[in-house]
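Right, one structure below, let's go through it.
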Amino acid sequence: QALRRHISLRHIPAAGHGGIFSSYITSLRFTINAESVLYDGYKKYKGRIFKVAQMDRWIAFASGDALLENLRTAPEHVLSMEAAMVDLLQSDYTLGEEIRRDAYHVGVIRHILSKNLAVILPEILDEMVSATDDLIRTNLSKDIWVPIRATETFSKIVCRATNRAFIGLPLCRDEEYCSVNLQFTNHVVFGTVFTGMFPSFLKPVAGQIWSKVYGLQERLLRTIRPIISERRHHIQEYGPSYPDKPNDMLSWLMDAATPGHCQTDESLAVRMLNVNFLALHTTSSTFVHALYHLASKPTYINILREELIDNLGPNRLRSANDWVSDKLEKCWKLDSFFKESQRLNGMGAMSLPRKVMVPFTFSDGTVLPPGIIVAAAPTATHRDESLYNNAAEFDGLRFSKTRENLVMQGKSDKIEEERLRLTSTHNYLSFGGGRHACPGRFFASTILKSMMAHVILNYDVKLESGQRPADEWYGPMCMPSRKAKVLFKALE
Ligand code: HEM
């Protein structure tokens with residue numbers, strides 16, 4: 001097999017070693033330091049396709065504007081994201097086969113969640129303030145710096161705030177419900193490794209065993225079944241738009257579920273787990289990456305605080321009433337700070353994974369055979385000097401300065417200005433791109449910015465050592481340090 005794969009890809013240059021046996025050295029290096037392998041490949045072959053050895057396969061990486069555009073725009077039956085997920089995440093066994101077969105939840109997130117953002121925001125803010133009070137403020141005493149373990153604390157805050165919009169009170173505060181949703185990421189990550197060890201014909205059995213052992217689907221079902229039943233009862237009694245119907249993810253999913261299996265309690269529970277899987281870890285990691293930047297570079301605290309007070313007024317964002325959502329849009333520096341943090345410290349070294357379904361010819365003439373995964377390399381692209389000046393340096397105001405310059409020069413056209421926002425995918429790979437670009441990024445951006453605004457207006461933060469803690473890498477996946485503690489002090 002290795003020989004066959006080697007021959008079918010021999011026209012593609014390799015980052016690191018390219019031989020049948022020597023490539024294992026690179027695959028080992030990729031496991032330990034994926035970022036540097038991809039950076040070396042990118043520098044050497046920018047504008048081309050290059051391949052990188054993994055233990056069990058080659059992955060091709062597209063670099064440069066033209067090839068990335070090919071990757072973004074190829075139709076699903078040619079370059080498939082779903083098929084890539086089956087290979088890379090063993091998604092049929094870890095996420096559930098039905099999630100791939102009927103992805104109606106993606107439409108719900110893309111259209112209904114985004115459309116309802118302004119309406120549900122006060123609820124989200126209320127939960128965020130209450131969760132931050134419960135998990136941070138109660139531990140603080142006047143004028144004393146108190147260490148808070150950032151990843152653990154903010155994943156819980158994100159879980160509560162997000163689930164206020166997904167399932168509402170009181171379940172968004174239920175420990176069992178939150179813990180199941182937070183654990184599901186581990187279920188997927190370790191389940192990928194576990195089921196990946198079995199040959200194809202045994203994977204369904206291995207997947208079943210894995211799900212039963214972890215038991216998260218069952219546990220989530222137990223917590224949400226009474227709520228589903230109650231809502232069904234109201235629908236039967238008063239019709240689909242019954243009075244006081246909750247305007248949340250569970251209702252939207254129940255309304256959109258394709259008739260048949262998708263409408264069962266079991267299927268809705270799996271769908272809720274998956275939506276949480278997509279939303280929680282991504283948002284909390286992105287937040288903590290930015291928090292580490294903020295706490296290690298104190299000058300930004302005053303800059304961002306000043307901007308927030310200018311735009312939001314003297315209120316401290318202590319409650320949802322202090323909030324007017326369009327004012328957050330005016331906080332360009334805060335938006336820029338997150339975009340810059342995510343540019344340098346995002347979810348990992350690989351994005352836009354797609355499986356080649358039929359022979360695919362890139363615009364430079366390179367042909368990829370079916371069966372291979374092709375992806376983009378965000379960390380390498382985001383450090384490209386031709387795209388970003390002083391690319392290796394953190395400049396929290398990089399994007400807001402350019403936005404302001406455009407306005408000052410009278411050149412501000414809407415398209416150019418939108419490209420500099422956190423949620424834009426132009427020259428920016430953290431949210432993927434093309435038809436699969438993250439549909440939850442507008443929701444995520446609102447949560448991230450409002451949570452940071454609340455922190456900055458209510459607390460001082462710093463790091464004991466003053467140094468930003470090193471990220472944790474697992475193959476191509478990147479996470480902010482899970483051990484590091486940020487020192488918090490209440491402002492009043
Ligand atoms: C900062 C937080 C987030 C980051 C960094 C992030 C990143 C991504 C990335 C890189 C992709 C793959 C895109 C591609 O391959 O082209 C993706 C897809 C997706 N994300 Fe997010 N995401 C975030 C938050 C969310 C949230 C909050 C939700 C849901 C509310 C969500 C829902 C989805 C869905 C449904 C997809 C699949 C889209 C499709 O299949 O077409 N994401 N996200």
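Naming scheme: A, B, ... for chains in displayed order of the structure tokens; residues 1 onward per chain; ligands 1 onward as shown.
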message: Can you pull out every residue with an atom within 9 Å of ligand 1? Use only C-alpha atoms and all ligand atoms and format it as a PyMOL selection string.
response: chain A and resi 72+81-82+100+103+105-110+113-114+162+166+274-287+342+346-347+350-354+375+429-445+447-448
Can I get the selected residues back with C-alpha atoms, as an mmCIF file, in the first residue's frame?
data_model
loop_
_atom_site.group_PDB
_atom_site.id
_atom_site.type_symbol
_atom_site.label_atom_id
_atom_site.label_comp_id
_atom_site.auth_asym_id
_atom_site.auth_seq_id
_atom_site.Cartn_x
_atom_site.Cartn_y
_atom_site.Cartn_z
ATOM 1 C CA ARG A 72 -12.203 26.786 -1.371
ATOM 2 C CA MET A 81 -15.126 17.912 3.506
ATOM 3 C CA GLU A 82 -17.501 15.227 4.751
ATOM 4 C CA ARG A 100 -22.898 13.182 7.970
ATOM 5 C CA ALA A 103 -26.424 17.711 8.145
ATOM 6 C CA HIS A 105 -28.017 21.313 11.798
ATOM 7 C CA VAL A 106 -25.503 23.179 9.595
ATOM 8 C CA GLY A 107 -28.398 25.011 7.903
ATOM 9 C CA VAL A 108 -29.907 25.773 11.311
ATOM 10 C CA ILE A 109 -26.615 27.308 12.478
ATOM 11 C CA ARG A 110 -26.002 29.156 9.207
ATOM 12 C CA LEU A 113 -28.839 30.998 14.692
ATOM 13 C CA SER A 114 -27.193 33.865 12.798
ATOM 14 C CA THR A 162 -23.622 29.142 24.675
ATOM 15 C CA PHE A 166 -28.947 26.334 22.799
ATOM 16 C CA ASN A 274 -22.506 17.658 17.916
ATOM 17 C CA VAL A 275 -23.540 21.290 17.837
ATOM 18 C CA ASN A 276 -21.869 21.726 21.224
ATOM 19 C CA PHE A 277 -18.794 19.897 19.948
ATOM 20 C CA LEU A 278 -18.504 22.408 17.099
ATOM 21 C CA ALA A 279 -19.086 25.424 19.334
ATOM 22 C CA LEU A 280 -17.531 24.948 22.760
ATOM 23 C CA HIS A 281 -13.918 23.917 22.477
ATOM 24 C CA THR A 282 -13.304 26.171 19.451
ATOM 25 C CA THR A 283 -14.703 29.262 21.159
ATOM 26 C CA SER A 284 -13.158 28.707 24.590
ATOM 27 C CA SER A 285 -9.695 27.928 23.141
ATOM 28 C CA THR A 286 -9.833 31.033 20.962
ATOM 29 C CA PHE A 287 -10.818 33.100 23.998
ATOM 30 C CA GLN A 342 -6.192 33.808 16.188
ATOM 31 C CA GLY A 346 -5.454 29.377 16.282
ATOM 32 C CA MET A 347 -6.897 25.882 16.371
ATOM 33 C CA MET A 350 -4.167 22.435 9.259
ATOM 34 C CA SER A 351 -7.515 23.700 7.986
ATOM 35 C CA LEU A 352 -9.921 23.210 5.053
ATOM 36 C CA PRO A 353 -9.327 19.455 4.930
ATOM 37 C CA ARG A 354 -10.928 17.960 1.813
ATOM 38 C CA ALA A 375 -5.697 20.861 3.135
ATOM 39 C CA LEU A 429 -7.799 30.444 7.303
ATOM 40 C CA SER A 430 -8.873 30.144 10.944
ATOM 41 C CA PHE A 431 -12.537 29.738 10.006
ATOM 42 C CA GLY A 432 -11.865 27.650 6.892
ATOM 43 C CA GLY A 433 -13.297 28.947 3.641
ATOM 44 C CA GLY A 434 -15.640 28.498 0.697
ATOM 45 C CA ARG A 435 -18.964 26.714 1.069
ATOM 46 C CA HIS A 436 -17.932 25.063 4.340
ATOM 47 C CA ALA A 437 -16.543 28.210 6.003
ATOM 48 C CA CYS A 438 -17.563 28.103 9.659
ATOM 49 C CA PRO A 439 -21.229 29.173 9.827
ATOM 50 C CA GLY A 440 -20.958 29.658 13.615
ATOM 51 C CA ARG A 441 -18.255 32.330 13.395
ATOM 52 C CA PHE A 442 -20.646 35.283 13.798
ATOM 53 C CA PHE A 443 -22.085 33.719 16.942
ATOM 54 C CA ALA A 444 -18.562 32.874 18.177
ATOM 55 C CA SER A 445 -17.310 36.401 17.452
ATOM 56 C CA ILE A 447 -19.519 35.607 22.453
ATOM 57 C CA LEU A 448 -15.752 36.166 22.313
#
- request: Tell me, as a ChimeraX atom specification, which residues lie within 12 Å of range 221-232 of chain A, counting only C-alpha atoms; anything in the same chain fewer than 5 positions away does not count.
  value: /A:166-181,215-216,237-255,263-273
Write out, as a PDB file, in the first residue's frame, the residues just selected, with C-alpha atoms.
ATOM      1  CA  PHE A 166     -28.947  26.334  22.799  1.00  0.00           C
ATOM      2  CA  ILE A 167     -31.299  24.997  25.487  1.00  0.00           C
ATOM      3  CA  GLY A 168     -31.994  27.822  27.947  1.00  0.00           C
ATOM      4  CA  LEU A 169     -32.428  27.829  31.710  1.00  0.00           C
ATOM      5  CA  PRO A 170     -32.187  25.800  33.907  1.00  0.00           C
ATOM      6  CA  LEU A 171     -30.335  23.131  31.890  1.00  0.00           C
ATOM      7  CA  CYS A 172     -27.534  25.470  30.748  1.00  0.00           C
ATOM      8  CA  ARG A 173     -26.475  25.558  34.435  1.00  0.00           C
ATOM      9  CA  ASP A 174     -26.892  21.843  35.039  1.00  0.00           C
ATOM     10  CA  GLU A 175     -23.532  20.294  35.973  1.00  0.00           C
ATOM     11  CA  GLU A 176     -24.230  16.946  34.345  1.00  0.00           C
ATOM     12  CA  TYR A 177     -25.452  18.526  31.087  1.00  0.00           C
ATOM     13  CA  CYS A 178     -22.428  20.855  30.881  1.00  0.00           C
ATOM     14  CA  SER A 179     -19.919  18.180  31.837  1.00  0.00           C
ATOM     15  CA  VAL A 180     -21.227  15.760  29.163  1.00  0.00           C
ATOM     16  CA  ASN A 181     -20.971  18.438  26.480  1.00  0.00           C
ATOM     17  CA  GLY A 215     -21.790   6.619  27.381  1.00  0.00           C
ATOM     18  CA  LEU A 216     -22.104  10.349  26.712  1.00  0.00           C
ATOM     19  CA  GLU A 237     -51.666  20.740  22.329  1.00  0.00           C
ATOM     20  CA  TYR A 238     -51.196  24.231  20.878  1.00  0.00           C
ATOM     21  CA  GLY A 239     -49.516  23.728  17.504  1.00  0.00           C
ATOM     22  CA  PRO A 240     -45.932  24.259  16.259  1.00  0.00           C
ATOM     23  CA  SER A 241     -45.810  27.945  17.277  1.00  0.00           C
ATOM     24  CA  TYR A 242     -47.224  27.538  20.774  1.00  0.00           C
ATOM     25  CA  PRO A 243     -47.216  30.544  23.145  1.00  0.00           C
ATOM     26  CA  ASP A 244     -43.877  31.206  24.893  1.00  0.00           C
ATOM     27  CA  LYS A 245     -42.113  28.650  22.704  1.00  0.00           C
ATOM     28  CA  PRO A 246     -38.393  28.848  23.582  1.00  0.00           C
ATOM     29  CA  ASN A 247     -36.366  30.520  20.867  1.00  0.00           C
ATOM     30  CA  ASP A 248     -33.316  28.249  21.169  1.00  0.00           C
ATOM     31  CA  MET A 249     -31.237  25.671  19.326  1.00  0.00           C
ATOM     32  CA  LEU A 250     -33.244  22.715  20.599  1.00  0.00           C
ATOM     33  CA  SER A 251     -36.499  24.220  19.276  1.00  0.00           C
ATOM     34  CA  TRP A 252     -34.894  25.090  15.941  1.00  0.00           C
ATOM     35  CA  LEU A 253     -33.513  21.567  15.606  1.00  0.00           C
ATOM     36  CA  MET A 254     -36.871  20.009  16.518  1.00  0.00           C
ATOM     37  CA  ASP A 255     -38.556  22.188  13.874  1.00  0.00           C
ATOM     38  CA  GLN A 263     -37.019  13.466  15.014  1.00  0.00           C
ATOM     39  CA  THR A 264     -36.406  10.837  17.689  1.00  0.00           C
ATOM     40  CA  ASP A 265     -35.163  11.867  21.140  1.00  0.00           C
ATOM     41  CA  GLU A 266     -31.963   9.838  20.603  1.00  0.00           C
ATOM     42  CA  SER A 267     -31.169  11.580  17.345  1.00  0.00           C
ATOM     43  CA  LEU A 268     -31.869  15.047  18.777  1.00  0.00           C
ATOM     44  CA  ALA A 269     -29.546  14.294  21.716  1.00  0.00           C
ATOM     45  CA  VAL A 270     -26.728  13.299  19.340  1.00  0.00           C
ATOM     46  CA  ARG A 271     -27.375  16.438  17.287  1.00  0.00           C
ATOM     47  CA  MET A 272     -27.187  18.667  20.394  1.00  0.00           C
ATOM     48  CA  LEU A 273     -23.903  16.997  21.376  1.00  0.00           C
TER      49      LEU A 273
END
Can you pull out the residues contacting Lys333 in chain A? Cut-off 7 Å, using only C-alpha atoms, and skip same-chain residues under 2 positions away; I want them as an mmCIF file with C-alpha atoms, in the first residue's frame.
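Saved the output as part-v7.cif:
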data_model
loop_
_atom_site.group_PDB
_atom_site.id
_atom_site.type_symbol
_atom_site.label_atom_id
_atom_site.label_comp_id
_atom_site.auth_asym_id
_atom_site.auth_seq_id
_atom_site.Cartn_x
_atom_site.Cartn_y
_atom_site.Cartn_z
ATOM 1 C CA LEU A 304 -9.081 48.162 24.809
ATOM 2 C CA CYS A 331 -14.981 48.303 18.843
ATOM 3 C CA ASP A 335 -12.114 42.812 16.929
ATOM 4 C CA SER A 336 -8.557 43.272 15.657
ATOM 5 C CA PHE A 337 -7.075 41.901 18.889
ATOM 6 C CA LEU A 397 -4.101 46.618 16.457
ATOM 7 C CA SER A 400 -7.962 48.075 13.212
#
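Among A:Ala295, A:Leu95, A:Leu79, A:Val146, the residue with the shortest atom-to-atom distance to Asn186 in chain A, counting only C-alpha atoms, is A:Leu95.
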task: Extract, using only C-alpha atoms, all DNA, RNA and protein residues at most 12 Å from Ala2 in chain A, discarding same-chain residues fewer than 6 positions from it, and format them as a list in words.
output: Ser8, Leu9, Arg10, Gly18, Gly19, Ile20, Phe21, Ser23, Tyr24, Ala53, Gln54, Met55, Asp56, Arg57 and Trp58 of chain A
query: Using only C-alpha atoms, which residue out of A:Lys489, A:Arg305, A:Arg468, A:Arg101 lies closest to Cys262 in chain A?
result: A:Arg101
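When only C-alpha atoms are used to compute distances to Val189 in chain A, the closest of the residues A:Gly47, A:Leu312, A:Trp210, A:Pro147 turns out to be A:Trp210.
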